[in-house]
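Chemist: Compact mmCIF, C-alpha atoms, file start.txt:
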```
# COMPACT_ATOMS: atom_id res chain seq x y z
CA MET O 1 -33.32 18.71 38.00
CA ASN O 2 -32.57 17.54 34.48
CA ASP O 3 -35.73 15.99 33.00
CA SER O 4 -33.72 14.16 30.31
CA VAL O 5 -31.96 11.98 32.88
CA PRO O 6 -34.15 8.96 33.54
CA PRO O 7 -34.59 7.72 37.11
CA ALA O 8 -32.02 5.22 38.32
CA ASP O 9 -34.25 2.20 37.83
CA ALA O 10 -35.01 3.16 34.22
CA ARG O 11 -31.29 3.50 33.56
CA ASP O 12 -30.73 0.08 35.09
CA VAL O 13 -33.41 -1.40 32.86
CA GLU O 14 -31.91 0.24 29.78
CA PHE O 15 -28.43 -0.94 30.69
CA ALA O 16 -29.67 -4.50 31.26
CA ARG O 17 -31.53 -4.42 27.95
CA ASP O 18 -28.92 -2.73 25.77
CA ALA O 19 -25.53 -3.64 27.25
CA LEU O 20 -25.75 -6.97 29.07
CA PRO O 21 -26.69 -9.07 26.00
CA TYR O 22 -23.22 -8.38 24.58
CA MET O 23 -21.25 -10.06 27.35
CA ASP O 24 -20.17 -12.94 25.08
CA ASP O 25 -18.95 -10.47 22.46
CA VAL O 26 -17.10 -8.36 25.02
CA TYR O 27 -15.57 -11.51 26.50
CA ARG O 28 -14.27 -12.64 23.09
CA PHE O 29 -12.79 -9.22 22.43
CA ALA O 30 -11.31 -9.04 25.94
CA TYR O 31 -9.79 -12.48 25.48
CA SER O 32 -8.29 -11.40 22.15
CA LEU O 33 -6.60 -8.51 23.94
CA THR O 34 -5.39 -10.32 27.06
CA ARG O 35 -4.90 -13.81 25.63
CA ASN O 36 -5.57 -15.44 28.96
CA ALA O 37 -8.78 -16.29 30.75
CA ALA O 38 -7.97 -14.70 34.11
CA ASP O 39 -7.11 -11.32 32.62
CA ALA O 40 -10.07 -11.52 30.24
CA ASP O 41 -12.37 -12.15 33.24
CA ASP O 42 -11.03 -9.05 34.99
CA LEU O 43 -11.26 -6.98 31.83
CA VAL O 44 -14.90 -7.94 31.20
CA GLN O 45 -15.78 -6.97 34.77
CA GLU O 46 -13.92 -3.69 34.47
CA THR O 47 -15.58 -2.97 31.12
CA TYR O 48 -19.09 -3.50 32.45
CA LEU O 49 -18.44 -1.52 35.61
CA ARG O 50 -17.12 1.42 33.59
CA ALA O 51 -19.98 1.10 31.14
CA PHE O 52 -22.55 1.08 33.95
CA ARG O 53 -21.03 4.13 35.58
CA SER O 54 -20.86 5.95 32.23
CA TRP O 55 -24.22 4.81 30.92
CA HIS O 56 -25.51 8.40 31.01
CA THR O 57 -22.99 9.20 28.25
CA PHE O 58 -24.28 6.46 25.95
CA GLN O 59 -26.42 7.82 23.14
CA PRO O 60 -29.67 5.85 22.87
CA GLY O 61 -29.97 4.24 19.47
CA SER O 62 -26.24 4.15 18.84
CA ASP O 63 -24.27 0.92 18.68
CA ALA O 64 -23.93 -0.32 22.27
CA ARG O 65 -21.64 -3.16 21.24
CA ARG O 66 -19.17 -0.79 19.60
CA TRP O 67 -19.35 1.45 22.68
CA LEU O 68 -18.56 -1.52 24.94
CA PHE O 69 -15.67 -2.62 22.71
CA THR O 70 -14.20 0.89 22.94
CA ILE O 71 -14.47 0.90 26.74
CA CYS O 72 -12.92 -2.56 26.83
CA ARG O 73 -10.02 -1.55 24.65
CA ASN O 74 -9.39 1.65 26.64
CA ALA O 75 -9.49 -0.25 29.93
CA PHE O 76 -7.03 -2.75 28.54
CA LEU O 77 -4.66 -0.04 27.30
CA ARG O 78 -4.67 1.68 30.65
CA SER O 79 -3.53 -1.56 32.22
CA ARG O 80 -0.91 -2.20 29.56
CA GLU O 81 0.54 1.13 28.56
CA LYS O 82 3.31 -0.47 26.57
CA LEU O 83 0.84 -1.74 23.99
CA ARG O 84 0.26 1.82 22.87
CA HIS O 85 3.60 1.66 21.06
CA GLU O 86 2.92 -0.47 18.05
CA VAL O 87 4.45 -0.50 14.62
CA ASP O 88 2.22 -1.02 11.62
CA VAL O 89 2.77 -1.90 8.03
CA GLU O 90 0.54 0.40 6.02
CA ASP O 91 0.83 -1.13 2.58
CA SER O 92 -2.45 -3.01 2.65
CA ASP O 93 -2.53 -3.53 -1.12
CA MET O 94 0.61 -5.61 -0.82
CA GLU O 95 -0.96 -7.44 2.10
CA THR O 96 -3.99 -8.25 -0.02
CA LEU O 97 -1.87 -9.62 -2.83
CA ALA O 98 0.24 -11.63 -0.41
CA ALA O 99 -2.90 -13.13 1.10
CA VAL O 100 -4.27 -13.99 -2.32
CA MET O 101 -1.01 -15.69 -3.25
CA ASN O 102 -1.18 -17.64 -0.02
CA GLN O 103 -4.72 -18.71 -0.90
CA GLY O 104 -3.47 -19.89 -4.27
CA GLU O 105 -0.85 -22.01 -2.59
CA MET O 106 -3.43 -23.47 -0.21
CA ARG O 107 -5.60 -24.45 -3.14
CA LYS O 108 -2.64 -25.98 -4.96
CA ASP O 109 -1.46 -28.14 -2.09
CA GLY O 110 -4.98 -29.13 -1.04
CA SER O 111 -4.98 -27.41 2.36
CA ASP O 112 -8.03 -25.38 1.33
CA GLN O 113 -10.04 -28.58 1.84
CA LEU O 114 -9.81 -27.82 5.54
CA LEU O 115 -12.32 -25.02 5.08
CA SER O 116 -15.10 -27.46 4.36
CA ARG O 117 -14.47 -29.47 7.51
CA VAL O 118 -16.93 -29.05 10.31
CA ASP O 119 -14.30 -29.25 13.05
CA LEU O 120 -12.19 -26.38 11.80
CA ALA O 121 -13.38 -23.86 14.38
CA PRO O 122 -11.16 -25.16 17.23
CA ALA O 123 -8.08 -25.01 14.96
CA LEU O 124 -9.01 -21.48 13.88
CA THR O 125 -9.66 -20.43 17.47
CA LYS O 126 -6.21 -21.73 18.41
CA ALA O 127 -4.65 -19.93 15.44
CA LEU O 128 -6.45 -16.72 16.45
CA ASP O 129 -5.15 -17.04 20.02
CA GLU O 130 -1.62 -17.41 18.66
CA LEU O 131 -1.92 -14.37 16.40
CA ALA O 132 0.18 -11.45 17.60
CA GLU O 133 -1.24 -8.09 18.54
CA PRO O 134 -2.34 -5.77 17.06
CA PHE O 135 -3.53 -8.18 14.36
CA ARG O 136 -5.52 -10.39 16.69
CA SER O 137 -7.87 -7.76 18.09
CA THR O 138 -8.44 -6.32 14.61
CA VAL O 139 -9.35 -9.70 13.12
CA ILE O 140 -11.62 -10.44 16.09
CA LEU O 141 -13.45 -7.13 15.70
CA VAL O 142 -13.98 -7.32 11.94
CA ASP O 143 -14.14 -11.01 11.15
CA VAL O 144 -15.63 -12.47 14.30
CA GLU O 145 -17.65 -9.56 15.68
CA ASP O 146 -18.76 -8.16 12.30
CA GLN O 147 -17.55 -4.62 12.89
CA SER O 148 -17.00 -2.47 9.81
CA TYR O 149 -13.57 -1.01 9.07
CA ASP O 150 -14.88 2.35 10.32
CA ALA O 151 -16.21 0.86 13.54
CA ALA O 152 -12.98 -1.05 14.18
CA SER O 153 -11.06 2.15 13.50
CA GLU O 154 -13.11 3.93 16.15
CA VAL O 155 -12.77 1.14 18.71
CA LEU O 156 -9.02 0.72 18.20
CA GLY O 157 -8.28 4.42 17.88
CA VAL O 158 -6.33 4.02 14.62
CA PRO O 159 -6.98 5.18 11.03
CA VAL O 160 -9.04 2.98 8.71
CA GLY O 161 -5.92 2.32 6.62
CA THR O 162 -4.24 0.85 9.66
CA VAL O 163 -7.26 -1.36 10.33
CA ARG O 164 -7.07 -2.68 6.75
CA SER O 165 -3.36 -3.28 7.00
CA ARG O 166 -3.65 -5.11 10.32
CA LEU O 167 -6.65 -7.07 9.12
CA PHE O 168 -5.10 -8.28 5.88
CA ARG O 169 -1.84 -9.14 7.54
CA GLY O 170 -3.65 -10.97 10.32
CA ARG O 171 -5.70 -12.95 7.81
CA ARG O 172 -2.57 -13.92 5.92
CA GLN O 173 -0.92 -15.12 9.12
CA LEU O 174 -4.02 -17.13 9.96
CA GLN O 175 -3.98 -18.73 6.53
CA GLU O 176 -0.33 -19.63 6.98
CA LYS O 177 -1.14 -21.25 10.33
CA LEU O 178 -4.03 -23.15 8.75
CA ARG O 179 -1.77 -24.33 5.98
CA ALA O 180 0.69 -25.72 8.53
CA TYR O 181 -2.21 -27.33 10.38
CA ALA O 182 -3.44 -28.88 7.12
CA ARG O 183 -0.01 -30.34 6.43
CA ASP O 184 0.16 -31.79 9.95
CA ALA O 185 -3.33 -33.22 9.58
CA GLY O 186 -2.43 -34.85 6.26
CA PHE O 187 -4.69 -32.64 4.18
CA ALA O 188 -1.95 -30.98 2.20
CA SER O 189 1.10 -32.13 0.37
CA ALA O 190 4.43 -30.61 1.36
CA GLY O 191 6.93 -29.13 -1.01
CA ASN O 192 4.62 -27.83 -3.72
CA PRO O 193 6.12 -25.17 -5.92
CA ALA O 194 5.31 -21.63 -4.87
CA GLN O 195 2.82 -19.75 -7.00
CA GLU O 196 4.21 -17.01 -9.17
CA PRO O 197 2.84 -13.50 -8.58
CA ASN O 198 1.52 -13.46 -12.15
CA ASP O 199 -0.73 -16.38 -11.28
CA VAL O 200 -2.77 -13.94 -9.25
CA MET Q 1 -21.38 0.75 -13.83
CA SER Q 2 -21.71 0.88 -17.58
CA ASP Q 3 -21.08 -2.28 -19.60
CA ASP Q 4 -18.86 -0.14 -21.79
CA MET Q 5 -16.37 0.34 -18.97
CA PRO Q 6 -13.19 -1.67 -19.40
CA MET Q 7 -12.92 -4.81 -17.29
CA LEU Q 8 -10.68 -4.64 -14.24
CA ASP Q 9 -7.45 -6.52 -14.69
CA CYS Q 10 -6.69 -9.44 -12.38
CA ARG Q 11 -4.21 -7.53 -10.25
CA SER Q 12 -6.64 -4.68 -9.57
CA ALA Q 13 -9.42 -7.12 -8.80
CA MET Q 14 -7.24 -9.06 -6.37
CA GLN Q 15 -5.99 -5.88 -4.73
CA GLN Q 16 -9.62 -5.10 -3.88
CA LEU Q 17 -10.63 -8.66 -3.05
CA TRP Q 18 -10.70 -8.35 0.75
CA ASP Q 19 -12.50 -5.02 0.58
CA TYR Q 20 -14.96 -6.65 -1.80
CA VAL Q 21 -15.75 -9.65 0.40
CA ASP Q 22 -15.99 -7.30 3.39
CA GLY Q 23 -18.47 -5.12 1.49
CA GLU Q 24 -16.27 -2.08 2.06
CA LEU Q 25 -16.07 -0.81 -1.53
CA THR Q 26 -18.29 1.79 -3.15
CA ALA Q 27 -21.25 0.39 -5.08
CA GLU Q 28 -19.49 1.07 -8.35
CA ARG Q 29 -16.32 -0.69 -7.29
CA MET Q 30 -18.27 -3.60 -5.84
CA GLN Q 31 -19.90 -4.02 -9.25
CA ALA Q 32 -16.61 -3.74 -11.07
CA VAL Q 33 -14.96 -6.42 -8.93
CA GLU Q 34 -18.03 -8.64 -9.12
CA ARG Q 35 -18.09 -8.32 -12.88
CA HIS Q 36 -14.43 -9.34 -13.08
CA LEU Q 37 -14.93 -12.29 -10.73
CA ASP Q 38 -17.92 -13.53 -12.72
CA ALA Q 39 -15.89 -13.50 -15.91
CA CYS Q 40 -12.44 -14.59 -14.71
CA ALA Q 41 -11.86 -18.27 -14.11
CA ASN Q 42 -8.52 -17.49 -12.48
CA CYS Q 43 -9.79 -15.00 -9.88
CA HIS Q 44 -13.20 -16.49 -9.10
CA PRO Q 45 -11.77 -19.33 -6.97
CA HIS Q 46 -9.80 -16.78 -4.93
CA ALA Q 47 -13.03 -15.00 -4.03
CA GLU Q 48 -14.76 -18.27 -3.19
CA PHE Q 49 -11.86 -19.26 -0.99
CA ALA Q 50 -11.82 -15.88 0.76
CA GLU Q 51 -15.54 -16.12 1.49
CA ARG Q 52 -15.21 -19.66 2.86
CA PHE Q 53 -12.24 -18.62 4.97
CA LEU Q 54 -14.12 -15.67 6.46
CA ALA Q 55 -17.21 -17.80 7.09
CA ALA Q 56 -15.07 -20.32 8.97
CA LEU Q 57 -13.47 -17.51 10.95
CA HIS Q 58 -16.88 -16.13 11.85
CA GLN Q 59 -17.93 -19.54 13.11
CA THR Q 60 -15.30 -19.37 15.85
CA ARG Q 61 -17.79 -17.13 17.69
CA GLU Q 62 -19.53 -20.30 18.77
CA ASP Q 63 -16.29 -21.69 20.17
CA ARG Q 64 -15.85 -19.08 22.88
CA SER Q 65 -18.47 -17.44 25.07
CA CYS Q 66 -18.39 -15.73 28.44
CA PRO Q 67 -18.14 -18.42 31.15
CA GLN Q 68 -21.04 -18.57 33.61
CA ASP Q 69 -18.82 -17.81 36.61
CA VAL Q 70 -17.52 -14.66 34.92
CA ARG Q 71 -21.07 -13.64 34.04
CA ALA Q 72 -22.02 -14.12 37.70
CA LYS Q 73 -19.03 -12.03 38.85
CA VAL Q 74 -19.96 -9.22 36.45
CA MET Q 75 -23.54 -9.21 37.70
CA ALA Q 76 -22.35 -9.22 41.34
CA SER Q 77 -20.02 -6.27 40.74
CA LEU Q 78 -22.81 -4.37 38.95
CA ARG Q 79 -25.11 -4.97 41.91
CA ASP Q 80 -22.35 -3.72 44.22
CA ALA Q 81 -22.12 -0.62 42.02
CA GLY Q 82 -25.83 0.05 42.54
CA MET Q 83 -27.55 -1.70 39.68
CA LYS Q 84 -30.99 -2.83 40.80
CA VAL Q 85 -32.12 -4.82 37.77
CA THR Q 86 -30.29 -8.09 37.19
```
Using the file provided, produce a representation of the structure as structure tokens.
Modeler:
Amino acid sequence: MNDSVPPADARDVEFARDALPYMDDVYRFAYSLTRNAADADDLVQETYLRAFRSWHTFQPGSDARRWLFTICRNAFLRSREKLRHEVDVEDSDMETLAAVMNQGEMRKDGSDQLLSRVDLAPALTKALDELAEPFRSTVILVDVEDQSYDAASEVLGVPVGTVRSRLFRGRRQLQEKLRAYARDAGFASAGNPAQEPNDV
Amino acid sequence: MSDDMPMLDCRSAMQQLWDYVDGELTAERMQAVERHLDACANCHPHAEFAERFLAALHQTREDRSCPQDVRAKVMASLRDAGMKVT
């Protein structure tokens, strides 16, 4: 008998203590992958079942949330093999500059005022839901779930450079959606001149 | 970073802006970008905007949580799988 393997009840207690509190986080990540509630429900169940059955492989003291995200993402990929084939833009420096330029335009036309509104979260949630993969899951992991670039890289199974590229591009797309929302909501003026790159 | 080091130019600072607000730069680079932002009236608002944008994005956490019926289904399937503590 292996003395390092705790009895079943102790494992159950550890799992309940260390894994179950993250169900909201896993749900948000699952929803970002599936983009619909029914599939997210199934994916959360599948994630927790796999996690429970594999709990003996979890290293105590390591990041249980990251471990759950990885299981969730792997379970999702197994159900959607086609999503393995994704094309990325790797020039994240250009993505950063493009996002900064977009920010400048938002400030110029007044749409940045949206950011101080208390009811912005629903609009941002909608914009996040509309964001295409693989940008959506990357933004959710880093910006909503506070994962580092390294952690997101591990969860998504891609290099850190790819995480940065996806993240910056996703943020820019979100800002563009917010800008359109601001125009529709009357916060921003249409037809302002575009900012020159040198303005950055 | 030494005060004698040349100031980052705007383009370099903006290229590192997201990494800066994410806290993903080395300590030295964080300082260099911070120093530029403190001194540059053109770039400082970009950093402020980026931080407000990310704060708003983070707030969406509160907009979506695991529904109670899904939570109940997860717990039921864990019990079926042999989990004794619920």
Chemist: Pick from Q:Cys40, Q:Leu8, Q:Ala27, Q:Leu17: nearest to chain O, with all atoms listed in the file counted?
Modeler: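 Looking only at the distances to chain O, the closest residue turns out to be Q:Leu17.
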Chemist: Counting all atoms listed in the file, which residues from chain Q have an atom at most 7 Å from any atom of chain O, and could you show them as number ranges by chain?
Modeler: Q: 10-11, 14-15, 18, 46, 52-54, 56-61, 63-66, 70, 74, 78, 83-86
Chemist: Under the rule that only C-alpha atoms are counted, which of Q:Asp69, Q:Glu28, Q:Glu34, Q:Glu62 is the nearest residue to Ala13 of chain Q?
Modeler: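 Selected residue with least distance to Ala13 of chain Q: Q:Glu34.
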Chemist: At what distance in Å, to one decimal, does atom CA of Asp129 of chain O lie from atom CA of Cys72 of chain O?
Modeler: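 That distance, rounded to one decimal, is 17.8 Å.
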Chemist: From the set O:Asp184, O:Glu130, O:Glu154, O:Asp63, which residue has the shortest atom-to-atom contact distance to Leu33 of chain O, counting only C-alpha atoms?
Modeler: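 Of the candidates, the smallest distance to Leu33 of chain O is held by O:Glu130.
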Chemist: Which residue is closest to Asp22 of chain Q? Choose from Q:Gly82, Q:Glu51, Q:Arg35, Q:Ala76 and count only C-alpha atoms.
Modeler: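 Among the listed residues, the smallest separation from Asp22 of chain Q belongs to Q:Glu51.
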Chemist: Mind giving me the straight-line distance from atom CA of Asp39 of chain O to atom CA of Phe76 of chain O in Å, one decimal?
Modeler: 9.5 Å
Chemist: Could you work out how far atom CA of His56 of chain O lies from atom CA of Val158 of chain O, giving the answer in Å with one decimal?
Modeler: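 So the answer is 25.6 Å.
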Chemist: Of the residues O:Phe29, O:Lys177, O:Arg66, O:Glu105, which is the one nearest to Ala151 of chain O, using only C-alpha atoms?
Modeler: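 Nearest candidate to Ala151 of chain O out of O:Phe29, O:Lys177, O:Arg66, O:Glu105: O:Arg66.
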Chemist: Could you check which of Q:Met7, Q:Ala55, Q:Ser12, Q:Glu24 is closest to Val160 of chain O, using only C-alpha atoms?
Modeler: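 Comparing Q:Met7, Q:Ala55, Q:Ser12, Q:Glu24 against Val160 of chain O, the winner is Q:Glu24.
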